[in-house]
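K.L.:
Below is the file model26.cif, which contains mmCIF, C-alpha atoms.
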data_model
#
loop_
_atom_site.label_atom_id
_atom_site.label_comp_id
_atom_site.auth_asym_id
_atom_site.auth_seq_id
_atom_site.Cartn_x
_atom_site.Cartn_y
_atom_site.Cartn_z
CA MET A 16 -0.51 24.95 21.19
CA THR A 17 -2.95 22.11 20.51
CA ARG A 18 -1.92 19.86 17.63
CA THR A 19 -4.74 18.68 15.38
CA PHE A 20 -5.07 15.29 13.68
CA ALA A 21 -7.89 13.95 11.49
CA VAL A 22 -9.28 11.08 9.47
CA ILE A 23 -10.46 11.87 5.95
CA GLY A 24 -12.89 9.85 3.84
CA ASP A 25 -16.50 9.46 2.79
CA PRO A 26 -18.56 8.07 4.51
CA ILE A 27 -16.89 9.16 7.73
CA ASP A 28 -19.67 9.33 10.36
CA HIS A 29 -19.11 5.72 11.40
CA SER A 30 -15.37 6.23 12.02
CA LEU A 31 -14.17 5.26 15.48
CA SER A 32 -10.67 6.69 14.85
CA PRO A 33 -11.47 9.97 16.70
CA ASN A 34 -12.53 8.00 19.82
CA ILE A 35 -9.40 5.85 19.69
CA HIS A 36 -6.86 8.64 19.19
CA ASN A 37 -8.52 11.08 21.59
CA ALA A 38 -8.49 8.34 24.25
CA ALA A 39 -4.77 7.86 23.57
CA PHE A 40 -4.09 11.62 23.92
CA LYS A 41 -6.00 11.64 27.20
CA ALA A 42 -4.15 8.59 28.54
CA LEU A 43 -0.77 10.18 27.84
CA ASN A 44 -1.86 13.73 28.65
CA LEU A 45 -1.00 15.09 25.18
CA ASP A 46 -2.28 18.48 24.03
CA CYS A 47 -3.79 17.11 20.82
CA THR A 48 -7.19 16.64 19.24
CA TYR A 49 -8.42 14.30 16.48
CA ILE A 50 -11.43 14.97 14.24
CA ALA A 51 -13.33 13.27 11.41
CA TYR A 52 -13.28 15.32 8.20
CA LYS A 53 -15.58 14.32 5.36
CA ILE A 54 -14.01 14.76 1.92
CA PRO A 55 -16.30 13.45 -0.84
CA LYS A 56 -14.94 11.60 -3.86
CA GLY A 57 -13.74 14.12 -6.45
CA GLU A 58 -12.89 16.79 -3.86
CA LEU A 59 -9.65 15.34 -2.53
CA LYS A 60 -7.32 17.97 -4.04
CA GLU A 61 -9.21 20.84 -2.36
CA GLY A 62 -9.50 18.84 0.85
CA ILE A 63 -5.74 18.27 1.09
CA GLU A 64 -5.10 21.96 0.34
CA SER A 65 -7.36 22.98 3.23
CA LEU A 66 -5.50 20.57 5.55
CA ARG A 67 -2.22 22.21 4.53
CA LYS A 68 -3.71 25.66 5.26
CA ILE A 69 -4.70 24.76 8.81
CA LYS A 70 -1.26 23.13 9.30
CA ILE A 71 -2.75 19.79 10.30
CA SER A 72 -0.17 17.71 12.22
CA GLY A 73 -1.17 14.42 10.64
CA PHE A 74 -4.14 12.50 9.28
CA ASN A 75 -5.47 9.06 8.44
CA VAL A 76 -6.96 8.24 5.06
CA THR A 77 -9.88 5.87 4.54
CA ILE A 78 -12.33 4.85 1.77
CA PRO A 79 -12.28 6.07 -1.03
CA HIS A 80 -9.01 8.07 -0.96
CA LYS A 81 -6.16 5.67 -0.05
CA VAL A 82 -4.79 5.34 -3.59
CA GLU A 83 -5.57 8.81 -4.95
CA VAL A 84 -4.10 10.65 -1.96
CA ILE A 85 -0.60 9.62 -3.09
CA LYS A 86 -0.79 12.25 -5.87
CA TYR A 87 -0.97 15.04 -3.30
CA LEU A 88 1.85 13.98 -0.95
CA ASP A 89 5.43 15.29 -0.93
CA GLU A 90 7.20 12.06 0.05
CA LEU A 91 6.34 8.39 0.49
CA SER A 92 7.66 5.67 2.80
CA GLU A 93 8.96 2.41 1.27
CA GLU A 94 5.71 0.55 2.10
CA CYS A 95 3.71 3.31 0.45
CA LYS A 96 5.75 3.04 -2.73
CA ILE A 97 5.34 -0.74 -2.86
CA ILE A 98 1.62 -0.75 -1.99
CA GLY A 99 0.64 2.34 -3.99
CA ALA A 100 -1.72 3.47 -1.23
CA SER A 101 -1.41 5.52 1.96
CA ASN A 102 -3.56 5.47 5.09
CA THR A 103 -1.40 7.67 7.34
CA VAL A 104 0.12 11.07 6.58
CA SER A 105 2.48 13.04 8.78
CA ASN A 106 3.15 16.75 8.42
CA GLU A 107 6.89 17.08 8.91
CA ASN A 108 7.89 20.76 8.73
CA GLY A 109 5.25 21.51 6.11
CA LYS A 110 5.97 18.36 4.08
CA PHE A 111 3.17 15.79 3.81
CA ILE A 112 4.79 12.36 4.11
CA GLY A 113 2.72 9.26 3.33
CA TYR A 114 2.97 6.00 5.28
CA ASN A 115 1.00 2.77 5.18
CA THR A 116 0.19 1.14 8.52
CA ASP A 117 -2.52 -1.07 6.97
CA MET A 118 -0.11 -3.83 5.95
CA ASP A 119 1.46 -4.47 9.36
CA GLY A 120 -1.81 -3.57 11.10
CA PHE A 121 -3.53 -6.28 9.07
CA LEU A 122 -0.88 -8.93 9.81
CA GLU A 123 -0.68 -8.27 13.56
CA PRO A 124 -3.92 -10.12 14.62
CA ILE A 125 -2.91 -13.14 12.48
CA LYS A 126 0.51 -13.23 14.18
CA ASN A 127 -1.12 -12.82 17.61
CA ARG A 128 -3.02 -16.06 16.99
CA ASN A 129 0.12 -17.86 15.79
CA ILE A 130 -1.54 -18.69 12.47
CA GLY A 131 0.99 -19.51 9.74
CA ILE A 132 0.66 -17.79 6.36
CA SER A 133 3.59 -19.29 4.46
CA GLY A 134 2.43 -21.68 1.70
CA GLU A 135 -1.29 -20.98 2.28
CA SER A 136 -3.91 -19.91 -0.28
CA VAL A 137 -5.85 -16.67 0.12
CA LEU A 138 -9.14 -15.28 -1.18
CA ILE A 139 -9.56 -11.51 -1.08
CA ILE A 140 -12.94 -9.89 -1.72
CA GLY A 141 -12.40 -6.31 -2.89
CA ALA A 142 -9.86 -4.36 -4.89
CA GLY A 143 -9.38 -0.99 -3.18
CA GLY A 144 -6.48 0.56 -1.26
CA ALA A 145 -6.86 -1.77 1.73
CA ALA A 146 -6.72 -4.83 -0.55
CA ARG A 147 -3.37 -3.63 -1.93
CA ALA A 148 -1.88 -3.43 1.58
CA ILE A 149 -3.28 -6.87 2.44
CA ILE A 150 -1.79 -8.42 -0.73
CA ALA A 151 1.59 -6.87 0.08
CA GLY A 152 1.35 -8.36 3.59
CA PHE A 153 0.57 -11.86 2.31
CA ALA A 154 3.38 -11.57 -0.26
CA LYS A 155 5.81 -10.55 2.50
CA GLN A 156 4.74 -13.60 4.54
CA LYS A 157 5.11 -15.93 1.53
CA ALA A 158 1.52 -17.08 0.96
CA SER A 159 1.37 -19.53 -1.98
CA LYS A 160 -1.43 -17.97 -4.04
CA ILE A 161 -3.86 -15.06 -3.92
CA THR A 162 -7.24 -15.03 -5.63
CA ILE A 163 -9.03 -11.69 -5.96
CA THR A 164 -12.75 -11.37 -6.52
CA ASN A 165 -14.57 -8.08 -6.95
CA ARG A 166 -17.77 -6.59 -8.33
CA THR A 167 -15.77 -4.87 -11.09
CA LEU A 168 -13.64 -7.60 -12.63
CA GLU A 169 -11.09 -5.27 -14.25
CA ASN A 170 -10.17 -3.88 -10.83
CA ALA A 171 -9.61 -7.44 -9.61
CA GLN A 172 -7.45 -8.13 -12.69
CA GLU A 173 -5.37 -5.03 -11.99
CA LEU A 174 -4.76 -6.21 -8.42
CA ALA A 175 -3.86 -9.70 -9.60
CA ARG A 176 -1.15 -8.09 -11.76
CA PHE A 177 -0.02 -6.07 -8.73
CA ALA A 178 0.29 -9.34 -6.74
CA SER A 179 2.25 -11.00 -9.56
CA ASN A 180 4.68 -8.08 -9.58
CA LEU A 181 5.30 -8.74 -5.89
CA GLY A 182 6.25 -12.28 -6.84
CA ILE A 183 3.15 -14.14 -5.70
CA LYS A 184 0.93 -16.40 -7.82
CA SER A 185 -2.41 -14.74 -8.40
CA GLU A 186 -5.68 -14.83 -10.33
CA SER A 187 -8.91 -12.84 -10.54
CA ILE A 188 -12.40 -14.36 -10.63
CA THR A 189 -16.00 -13.12 -10.57
CA LEU A 190 -18.04 -13.10 -7.35
CA GLN A 191 -20.34 -15.81 -8.74
CA GLU A 192 -17.57 -18.31 -9.52
CA THR A 193 -16.01 -18.08 -6.05
CA ASP A 194 -15.54 -21.42 -4.31
CA VAL A 195 -14.44 -20.79 -0.71
CA SER A 196 -13.43 -24.40 -0.12
CA LYS A 197 -10.20 -23.81 -2.07
CA TYR A 198 -8.71 -21.32 0.40
CA LYS A 199 -7.32 -21.21 3.92
CA PHE A 200 -7.81 -17.43 4.35
CA ILE A 201 -10.99 -15.57 3.35
CA ILE A 202 -10.64 -11.81 3.63
CA ASN A 203 -13.33 -9.18 3.13
CA ALA A 204 -11.58 -5.96 2.09
CA THR A 205 -14.70 -4.21 0.76
CA SER A 206 -17.16 -1.93 2.53
CA VAL A 207 -19.92 -4.54 2.04
CA GLY A 208 -21.33 -5.28 5.48
CA LEU A 209 -21.08 -1.70 6.77
CA LYS A 210 -24.82 -1.31 6.37
CA GLY A 211 -25.65 -4.92 7.19
CA GLU A 212 -25.61 -6.16 3.57
CA GLN A 213 -25.12 -9.83 2.86
CA CYS A 214 -21.68 -11.08 1.91
CA PRO A 215 -21.39 -10.96 -1.93
CA ILE A 216 -19.91 -14.46 -2.33
CA PRO A 217 -21.36 -17.94 -1.58
CA ILE A 218 -20.17 -18.74 1.97
CA LYS A 219 -22.07 -21.92 2.89
CA ALA A 220 -18.94 -24.03 2.45
CA ILE A 221 -16.93 -22.14 5.09
CA ASN A 222 -15.84 -24.53 7.87
CA ALA A 223 -13.43 -25.05 10.77
CA ASN A 224 -10.42 -25.14 8.42
CA HIS A 225 -10.93 -21.51 7.37
CA VAL A 226 -9.60 -18.27 8.78
CA VAL A 227 -12.18 -15.56 8.08
CA TYR A 228 -11.07 -11.95 8.47
CA ASP A 229 -13.45 -9.05 7.82
CA ILE A 230 -11.76 -5.64 7.86
CA ILE A 231 -15.09 -3.90 8.54
CA TYR A 232 -15.22 -3.04 12.23
CA MET A 233 -18.68 -1.50 12.45
CA PRO A 234 -20.81 -3.57 12.84
CA MET A 235 -18.43 -5.98 14.56
CA ASN A 236 -20.46 -9.02 13.51
CA THR A 237 -21.02 -8.62 9.77
CA ASP A 238 -23.02 -11.18 7.80
CA LEU A 239 -19.75 -12.89 6.79
CA ILE A 240 -18.56 -13.11 10.42
CA GLN A 241 -21.91 -14.38 11.72
CA GLN A 242 -22.20 -17.15 9.12
CA SER A 243 -18.54 -18.15 9.55
CA LYS A 244 -18.89 -18.32 13.33
CA LYS A 245 -21.82 -20.71 12.96
CA ASN A 246 -19.61 -22.92 10.80
CA SER A 247 -16.75 -22.92 13.38
CA ALA A 248 -14.22 -20.95 11.31
CA THR A 249 -11.41 -19.03 13.03
CA ILE A 250 -12.61 -15.41 13.15
CA ILE A 251 -10.52 -12.22 13.03
CA TYR A 252 -12.42 -9.00 13.61
CA GLY A 253 -11.95 -5.72 11.76
CA TYR A 254 -11.51 -3.81 15.02
CA GLU A 255 -8.25 -5.73 15.62
CA MET A 256 -6.75 -4.39 12.40
CA LEU A 257 -8.14 -0.92 13.15
CA LEU A 258 -6.43 -0.89 16.55
CA ALA A 259 -3.14 -2.28 15.28
CA GLN A 260 -2.87 0.22 12.42
CA ALA A 261 -3.95 3.09 14.74
CA ALA A 262 -1.19 2.18 17.22
CA LEU A 263 1.36 2.23 14.37
CA ALA A 264 0.08 5.61 13.11
CA PHE A 265 0.27 6.96 16.68
CA LYS A 266 3.93 5.97 16.87
CA ILE A 267 4.70 7.69 13.54
CA TRP A 268 3.09 10.95 14.68
CA HIS A 269 4.24 11.14 18.29
CA ASN A 270 7.30 8.91 18.39
CA LEU A 271 5.76 7.26 21.45
CA GLN A 272 4.44 3.78 22.14
CA ALA A 273 0.64 3.94 21.79
CA PRO A 274 -1.40 3.28 24.97
CA TYR A 275 -2.95 0.18 23.41
CA GLU A 276 -5.20 -0.84 26.30
CA ALA A 277 -6.74 2.66 26.62
CA MET A 278 -7.41 2.67 22.87
CA LYS A 279 -8.91 -0.81 22.93
CA LYS A 280 -11.18 0.00 25.87
CA VAL A 281 -12.77 3.04 24.20
CA LEU A 282 -13.07 1.18 20.89
CA LEU A 283 -14.92 -1.79 22.35
CA GLY A 284 -17.07 0.61 24.38
CA GLY A 285 -18.06 2.24 21.10
CA PHE A 286 -19.93 -0.83 19.84
#
What does the file become when written as structure tokens?
P.N.:
Amino acid sequence: MTRTFAVIGDPIDHSLSPNIHNAAFKALNLDCTYIAYKIPKGELKEGIESLRKIKISGFNVTIPHKVEVIKYLDELSEECKIIGASNTVSNENGKFIGYNTDMDGFLEPIKNRNIGISGESVLIIGAGGAARAIIAGFAKQKASKITITNRTLENAQELARFASNLGIKSESITLQETDVSKYKFIINATSVGLKGEQCPIPIKAINANHVVYDIIYMPMNTDLIQQSKKNSATIIYGYEMLLAQAALAFKIWHNLQAPYEAMKKVLLGGF
């Protein structure tokens, strides 16, 4: 019997997760299929119920549901409890168990470049579910301070409190008062750039001392990435996080090592 997996979110048309996971199933000859399933904001409860009805084997969660989905799950992994957001759910004998592969998926490309995090300062643009996982990752790696900037300041303030509770110094600021020269890491954790919009903070001062990481993977070269490249910053692409977290989700669902190269090939072919 074919096992079905999915990614849920809205918008979902741009998602490359089906390509990645279906390529992995093909590479390992697994009788599985992976689909994109649009669940608009406000319809998550009904959406999760319908996934239970069709006995979905597992699913990924993307914008805007990563935090809210927790309400509808039966159990949570340790990371999920700490982060307060889930991006991967496994159906284990009818129980929906939430995991978070965003945190380690985010850290992986930084580790691959041997870039140290301990004692460094971080700027995060955005305050959604992905930002929570990223903050938890930086806290785990002992960054010195995290600054959060966001369109809605109270959401940034809430995340700054979340960071403090994890034992890391933090503050929230408005987009306008952002001065990039104060930070080693500049992370875009918003969906700004998906449709080619300009980066919402002043980025002229970015230079070779910065590590710029945009978690948007489509387009690969967002406005933030393009400008930062011109200014010789170290660049980390969103597709690297996407692949790393997908490989971790694959392992949770199938208890097998993900065929990373097959997944990477189809992903980069998708651009």
K.L.:
Using all atoms listed in the file, what table do you get, as a tab-separated table, when you list each residue of range 212-277 of chain A with an atom no more than 12 Å from range 147-160 of chain A, its nearest pair of atoms, and their distance in Å rounded to one decimal, rows by chain then rising number?
P.N.:
residue	atom	partner	partner_atom	distance
A:Tyr228	CA	A:Ile149	CA	11.1
A:Asp229	CA	A:Ile149	CA	11.7
A:Ile230	CA	A:Ile149	CA	10.1
A:Met256	CA	A:Ile149	CA	10.8
A:Gln260	CA	A:Ala148	CA	11.5
K.L.:
Each residue of range 119-178 of chain A lying at most 12 Å from range 232-249 of chain A should get a row with its shortest atom-to-atom pair and the distance in Å to one decimal, counting all atoms listed in the file; could you produce that, ordered by chain and increasing number, as a tab-separated table?
P.N.:
residue	atom	partner	partner_atom	distance
A:Pro124	CA	A:Thr249	CA	11.7
A:Ile125	CA	A:Thr249	CA	10.4
A:Arg128	CA	A:Thr249	CA	9.7
A:Asn129	CA	A:Thr249	CA	11.9
A:Ile130	CA	A:Thr249	CA	9.9
A:Ile140	CA	A:Leu239	CA	11.3
K.L.:
Point out the residue among A:Arg176, A:Lys56, A:Lys199, A:Lys266 with the least atom-to-atom distance to Lys81 in chain A, counting only C-alpha atoms.
P.N.:
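Counting only C-alpha atoms, the residue closest to Lys81 in chain A is A:Lys56.
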K.L.:
Between A:Ala142, A:Leu168, A:Val207, A:Ala178, which has the minimum distance to Gln191 in chain A (counting all atoms listed in the file)?
P.N.:
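Answer, going by the shortest atom-to-atom distance: A:Leu168.
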K.L.:
Name the residues that the PyMOL selection byres ((chain A and resi 96) around 12) picks from the file above, as a list in words, using the file's chain letters and numbers.
P.N.:
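So the PyMOL selection byres ((chain A and resi 96) around 12), applied here, picks out Val82, Ile85, Lys86, Leu88, Glu90, Leu91, Ser92, Glu93, Glu94, Cys95, Ile97, Ile98, Gly99, Ala100, Ser101, Ile112, Gly113, Tyr114, Asn115, Arg147, Ala148 and Ala151 of chain A.
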